[in-house]
Amino acid sequence: MEYFKSGLKSVLGATQEGVQLTGAETVERLVERVQFSTLLDDRRDACRALKALSRKYRIEVGAQGMGALRHVLETDHADSEIVGYSLDTLCNITAPETFEEEEHLSLAPTLTGVSQQFTEIFIKQPDNVALVLGFLEEYDFHVRWPAVKLLTSLLANKPKDLQEIVLVSPMGVSKLMDLLSDSREVIRNDALLLLTQLTKGNANIQKIVAFENAFDRLFDVIMEEGYSDGGIVVEDCLLLMLNLLRNNTSNQNFFKEGSYIQRLTPMFKLPQDVDDSGWSAQKVSNIHCMLQVARTLVTPGNPAQVTSSSQKSMRQCGLLEALCDILMASGVPADILTETISTVGEVIRGNQSNQEYFSTVMAPSTPPRPALVVLLMSMVNEKQPFILRCSVLYCYQCFLFKNEVGQSQLVQTLLPSATEVISLTTGQLLCGGLFSNDALSNWFSAVALSHALVENPGQQEQLLRVLLATNTGGQPVSLLHQCSMLLQQCSKLHSKLGLLILLSTWLSHCPLAVKQFVSVPTSVTYLTAQAGSNEHDDNEELVQGMCAFLLGLCIVFNDDSVAAFTKDKLKQLVGNRIGVEVFVDKLGEVSKHEVYSKAAKHPQLKPQFPSDLLLDHEFCQLFKALEGEIN
């Protein structure tokens, strides 16, 4: 410290005996030295001293010295040492974080505002940013690294403004991309973080970065680092890749056409017999990011052409197979398994060839069972993690989506068969879940079964043939009859809602199902009582609204074949028992419920807790299409 003080004294010049300079006065003298000294050595020493003081006296150095430091970058750019000191000082005064030694530490909350103000002043002249970008071409570590750090600080404080400046700066993005080839890891790694921030929410920068060979460079780094076994750098590469691909159709096409999907496959090749202990926290993060990269290419929100061609590539290059291997491997952590199940779902969703392949995947159990059966066993098992069960439902919904063969196969497993069925089937599992004591299993099974009927009138009628044995040993009853009776008897919210979703899907556009439903004793009476109820709990109102919807379907798709419940008689019943206005209000309660808007947005539900799991995406689509017709 004494050495530093004596050095500072020589830079500042002599002071009167016994006079102690304040921090602000010291800074002022140093700034004057930077501005007016004719000798480069003097200016360099003054810049070094300002750097040393810039953490403690950030406000003073920033307020008095920013102009002088900027001038140094312009006029003394040939001297790497003084440029390095100036960049480091600017880094400190624009840093978003506070330093322990700051003079004004008690004002910590306002210091963030100070760094933003200094950033605003600095970038007001876009030429200043161009100057810093120019220093990225300097190979000297003490120039290049602080230049990267300064850009990172500026970007953290004023992201939108800096993105616009970099976008119009000639070769600005190219200079940043070249840093990924720097052999010094600290610079390469900081450049990765900088590019990740720079590409957030800016489609134009994302496109330029992609066309600057970003994917090749990122895959090279990932390979050098050891794929999923690599460190945090692998995760950083994947996060940047995610930024470039998410919601960017142009980059998704570029990724697909550049055969980069094939380069994803090795990332998912896991060594055989890896137990839980072989999964470090970093490996879990890396694989999680890899799965998200794969999903950005096949997510249901993408243009159909991007999704279908990506799905085809993933099947051809073995990526789908590698994902199925993870699915069936032992010792895979629950969160990775959950994300893999959802990823497999999106890779097969609506793609007949991929769905067909998935139906043939066998789990390595004794005896071997289809992967679909093993997954559904998890879904109806109340001891499995809730989020895992949700992802299995999503995967199974994706398997049935636009898959008439799969829908038919599920219903076939429930129909009477001439040959004895030895192995456990998907239909048996869903029926078991539908009638179990676990309300969530009821909901999952009912919703899964409803997806076998979506846009498939043939299966709606086939499912009417399903008969169930009764406990009393009497005549078997139809599945529809049993569901209707169960709805009237159950008191649990999830059980009720699941059955209402299944019955609504079943009765829509299917007069035969309506005929069978209204013939079940007290079914119509139950719906009228529920729709006319006065309970005002949010979830009860949702049940009442869905009962009104089901009653409405009984009217709209009624062929008048049951004399006691023709269209006109049901309308009369609604008018007399409920009142048309009340009926319409109850119906409106469904789309007003907060869970409705969430479920309607995306095919995959992302509930945090079971209480969030009330409605299904396909049901919301059905409700939206038919609510007007019922009104």
# chains A, B, ... in the order shown; residues from 1 in each chain; ligands from 1

call {"tool": "closest_atom_pairs", "arguments": {"of": "range 258-364 of chain A", "to": "range 391-397 of chain A", "cutoff": "6 Å", "atoms": "only C-alpha atoms", "output": "JSON lines"}}
result
{"residue": "A:Thr338", "atom": "CA", "partner": "A:Ser391", "partner_atom": "CA", "distance": 5.9}
{"residue": "A:Ser342", "atom": "CA", "partner": "A:Ser391", "partner_atom": "CA", "distance": 5.5}
{"residue": "A:Gly345", "atom": "CA", "partner": "A:Cys395", "partner_atom": "CA", "distance": 4.0}

call {"tool": "residues_around", "arguments": {"residues": "range 356-370 of chain A", "least_positions_apart": "5", "cutoff": "10 Å", "atoms": "only C-alpha atoms", "output": "mmCIF file with C-alpha atoms, in the first residue's frame"}}
result
data_model
loop_
_atom_site.group_PDB
_atom_site.id
_atom_site.type_symbol
_atom_site.label_atom_id
_atom_site.label_comp_id
_atom_site.auth_asym_id
_atom_site.auth_seq_id
_atom_site.Cartn_x
_atom_site.Cartn_y
_atom_site.Cartn_z
ATOM 1 C CA ARG A 315 -35.519 -40.219 -37.256
ATOM 2 C CA LEU A 320 -34.978 -40.375 -32.002
ATOM 3 C CA GLU A 321 -33.449 -43.782 -31.346
ATOM 4 C CA CYS A 324 -35.568 -43.674 -26.738
ATOM 5 C CA ASP A 325 -32.406 -45.336 -25.372
ATOM 6 C CA LEU A 327 -35.895 -43.216 -21.972
ATOM 7 C CA MET A 328 -35.369 -46.900 -21.324
ATOM 8 C CA ALA A 329 -31.954 -46.640 -19.586
ATOM 9 C CA SER A 330 -31.574 -47.216 -15.871
ATOM 10 C CA VAL A 344 -39.634 -37.789 -27.629
ATOM 11 C CA GLY A 345 -43.287 -36.690 -27.626
ATOM 12 C CA ILE A 348 -43.126 -38.041 -32.904
ATOM 13 C CA ASN A 351 -45.452 -37.717 -37.713
ATOM 14 C CA LEU A 375 -44.616 -45.110 -19.583
ATOM 15 C CA PHE A 399 -48.304 -40.327 -29.941
ATOM 16 C CA ASN A 403 -52.470 -41.003 -35.491
ATOM 17 C CA VAL A 405 -53.722 -46.250 -36.321
ATOM 18 C CA GLY A 406 -52.546 -45.560 -32.751
ATOM 19 C CA SER A 423 -49.706 -59.179 -21.522
ATOM 20 C CA LEU A 424 -50.726 -55.850 -20.007
ATOM 21 C CA THR A 425 -52.154 -53.402 -22.584
ATOM 22 C CA THR A 426 -52.431 -49.614 -22.812
#

call {"tool": "select_by_dssp", "arguments": {"residues": "range 298-541 of chain A", "states": "strand (DSSP E)", "output": "list in words"}}
result
Met362, Ala363, Arg369, Pro370, Leu467, Leu468, Val477 and Ser478 of chain A

call {"tool": "residues_around", "arguments": {"residues": "range 583-590 of chain A", "least_positions_apart": "4", "cutoff": "6 Å", "atoms": "only C-alpha atoms", "output": "list in words"}}
result
Leu542, Gly545 and Ala548 of chain A

call {"tool": "write_last_selection", "arguments": {"atoms": "C-alpha atoms", "output": "PDB file, in the first residue's frame"}}
result
ATOM      1  CA  LEU A 542     -65.765 -24.621 -13.580  1.00  0.00           C
ATOM      2  CA  GLY A 545     -69.821 -24.767 -16.606  1.00  0.00           C
ATOM      3  CA  ALA A 548     -73.634 -27.128 -18.883  1.00  0.00           C
TER       4      ALA A 548
END

call {"tool": "atom_distance", "arguments": {"atom1": "CA of Gly231 in chain A", "atom2": "CA of Asn189 in chain A"}}
result
11.3 Å

call {"tool": "closest_residue", "arguments": {"among": "A:Ile326, A:Tyr260, A:Leu21, A:Thr343", "to": "Thr296 in chain A", "atoms": "only C-alpha atoms"}}
result
A:Thr343

call {"tool": "select_by_dssp", "arguments": {"residues": "range 499-572 of chain A", "states": "helix (DSSP H, G or I)", "output": "ChimeraX atom specification"}}
result
/A:499-507,511-518,523-531,538-556,563-565,567-572

call {"tool": "write_last_selection", "arguments": {"atoms": "C-alpha atoms", "output": "PDB file, in the first residue's frame"}}
result
ATOM      1  CA  LEU A 499     -64.605 -37.575 -16.691  1.00  0.00           C
ATOM      2  CA  LEU A 500     -66.266 -34.397 -18.013  1.00  0.00           C
ATOM      3  CA  ILE A 501     -63.376 -33.905 -20.502  1.00  0.00           C
ATOM      4  CA  LEU A 502     -63.655 -37.547 -21.661  1.00  0.00           C
ATOM      5  CA  LEU A 503     -67.462 -37.468 -21.976  1.00  0.00           C
ATOM      6  CA  SER A 504     -67.450 -34.089 -23.792  1.00  0.00           C
ATOM      7  CA  THR A 505     -64.921 -35.348 -26.348  1.00  0.00           C
ATOM      8  CA  TRP A 506     -66.881 -38.584 -26.751  1.00  0.00           C
ATOM      9  CA  LEU A 507     -70.314 -36.975 -27.238  1.00  0.00           C
ATOM     10  CA  PRO A 511     -75.254 -38.842 -31.975  1.00  0.00           C
ATOM     11  CA  LEU A 512     -74.838 -42.531 -31.036  1.00  0.00           C
ATOM     12  CA  ALA A 513     -72.824 -41.605 -27.940  1.00  0.00           C
ATOM     13  CA  VAL A 514     -75.415 -38.941 -27.020  1.00  0.00           C
ATOM     14  CA  LYS A 515     -78.169 -41.561 -27.369  1.00  0.00           C
ATOM     15  CA  GLN A 516     -76.344 -43.972 -25.048  1.00  0.00           C
ATOM     16  CA  PHE A 517     -75.486 -41.234 -22.532  1.00  0.00           C
ATOM     17  CA  VAL A 518     -79.012 -39.792 -22.133  1.00  0.00           C
ATOM     18  CA  SER A 523     -77.397 -38.649 -16.125  1.00  0.00           C
ATOM     19  CA  VAL A 524     -79.412 -35.724 -17.527  1.00  0.00           C
ATOM     20  CA  THR A 525     -80.898 -34.987 -14.079  1.00  0.00           C
ATOM     21  CA  TYR A 526     -77.363 -34.793 -12.628  1.00  0.00           C
ATOM     22  CA  LEU A 527     -76.170 -32.364 -15.341  1.00  0.00           C
ATOM     23  CA  THR A 528     -79.203 -30.089 -14.893  1.00  0.00           C
ATOM     24  CA  ALA A 529     -78.737 -30.030 -11.119  1.00  0.00           C
ATOM     25  CA  GLN A 530     -75.029 -29.178 -11.477  1.00  0.00           C
ATOM     26  CA  ALA A 531     -75.556 -26.517 -14.162  1.00  0.00           C
ATOM     27  CA  ASP A 538     -64.012 -20.923  -8.652  1.00  0.00           C
ATOM     28  CA  ASN A 539     -63.435 -24.618  -9.249  1.00  0.00           C
ATOM     29  CA  GLU A 540     -67.062 -25.527  -8.535  1.00  0.00           C
ATOM     30  CA  GLU A 541     -68.124 -22.940 -11.108  1.00  0.00           C
ATOM     31  CA  LEU A 542     -65.765 -24.621 -13.580  1.00  0.00           C
ATOM     32  CA  VAL A 543     -67.446 -28.002 -12.937  1.00  0.00           C
ATOM     33  CA  GLN A 544     -70.898 -26.389 -13.324  1.00  0.00           C
ATOM     34  CA  GLY A 545     -69.821 -24.767 -16.606  1.00  0.00           C
ATOM     35  CA  MET A 546     -68.490 -28.051 -17.975  1.00  0.00           C
ATOM     36  CA  CYS A 547     -71.714 -29.829 -16.972  1.00  0.00           C
ATOM     37  CA  ALA A 548     -73.634 -27.128 -18.883  1.00  0.00           C
ATOM     38  CA  PHE A 549     -71.324 -27.747 -21.881  1.00  0.00           C
ATOM     39  CA  LEU A 550     -71.957 -31.520 -21.759  1.00  0.00           C
ATOM     40  CA  LEU A 551     -75.701 -30.900 -21.526  1.00  0.00           C
ATOM     41  CA  GLY A 552     -75.399 -28.545 -24.510  1.00  0.00           C
ATOM     42  CA  LEU A 553     -73.665 -31.295 -26.517  1.00  0.00           C
ATOM     43  CA  CYS A 554     -76.590 -33.609 -25.693  1.00  0.00           C
ATOM     44  CA  ILE A 555     -78.846 -31.041 -27.392  1.00  0.00           C
ATOM     45  CA  VAL A 556     -76.664 -30.085 -30.412  1.00  0.00           C
ATOM     46  CA  ALA A 563     -88.230 -40.104 -26.933  1.00  0.00           C
ATOM     47  CA  ALA A 564     -87.821 -38.802 -23.370  1.00  0.00           C
ATOM     48  CA  PHE A 565     -84.767 -36.686 -24.237  1.00  0.00           C
ATOM     49  CA  LYS A 567     -83.632 -31.886 -28.653  1.00  0.00           C
ATOM     50  CA  ASP A 568     -86.811 -29.940 -27.905  1.00  0.00           C
ATOM     51  CA  LYS A 569     -87.467 -31.668 -24.587  1.00  0.00           C
ATOM     52  CA  LEU A 570     -83.894 -31.002 -23.413  1.00  0.00           C
ATOM     53  CA  LYS A 571     -84.178 -27.324 -24.431  1.00  0.00           C
ATOM     54  CA  GLN A 572     -87.455 -27.136 -22.494  1.00  0.00           C
TER      55      GLN A 572
END

call {"tool": "residues_around", "arguments": {"residues": "Phe386 in chain A", "least_positions_apart": "5", "cutoff": "10 Å", "atoms": "only C-alpha atoms", "output": "list in words"}}
result
Met379, Asn381, Ser391, Leu440, Pro607, Gln608, Phe609 and Pro610 of chain A

call {"tool": "atom_distance", "arguments": {"atom1": "CA of Ser80 in chain A", "atom2": "CA of Gln125 in chain A"}}
result
22.7 Å

call {"tool": "atom_distance", "arguments": {"atom1": "CA of Glu594 in chain A", "atom2": "CA of Lys402 in chain A"}}
result
28.0 Å

call {"tool": "closest_residue", "arguments": {"among": "A:Glu339, A:Asp88, A:Glu164, A:Asp140", "to": "Lys51 in chain A", "atoms": "only C-alpha atoms"}}
result
A:Asp88

call {"tool": "closest_residue", "arguments": {"among": "A:Ala600, A:Met314, A:Val298, A:Leu131", "to": "Arg263 in chain A", "atoms": "only C-alpha atoms"}}
result
A:Met314

call {"tool": "residues_around", "arguments": {"residues": "Val132 in chain A", "least_positions_apart": "4", "cutoff": "8 Å", "atoms": "only C-alpha atoms", "output": "MDAnalysis selection string"}}
result
chainID A and resid 128 136 147 151
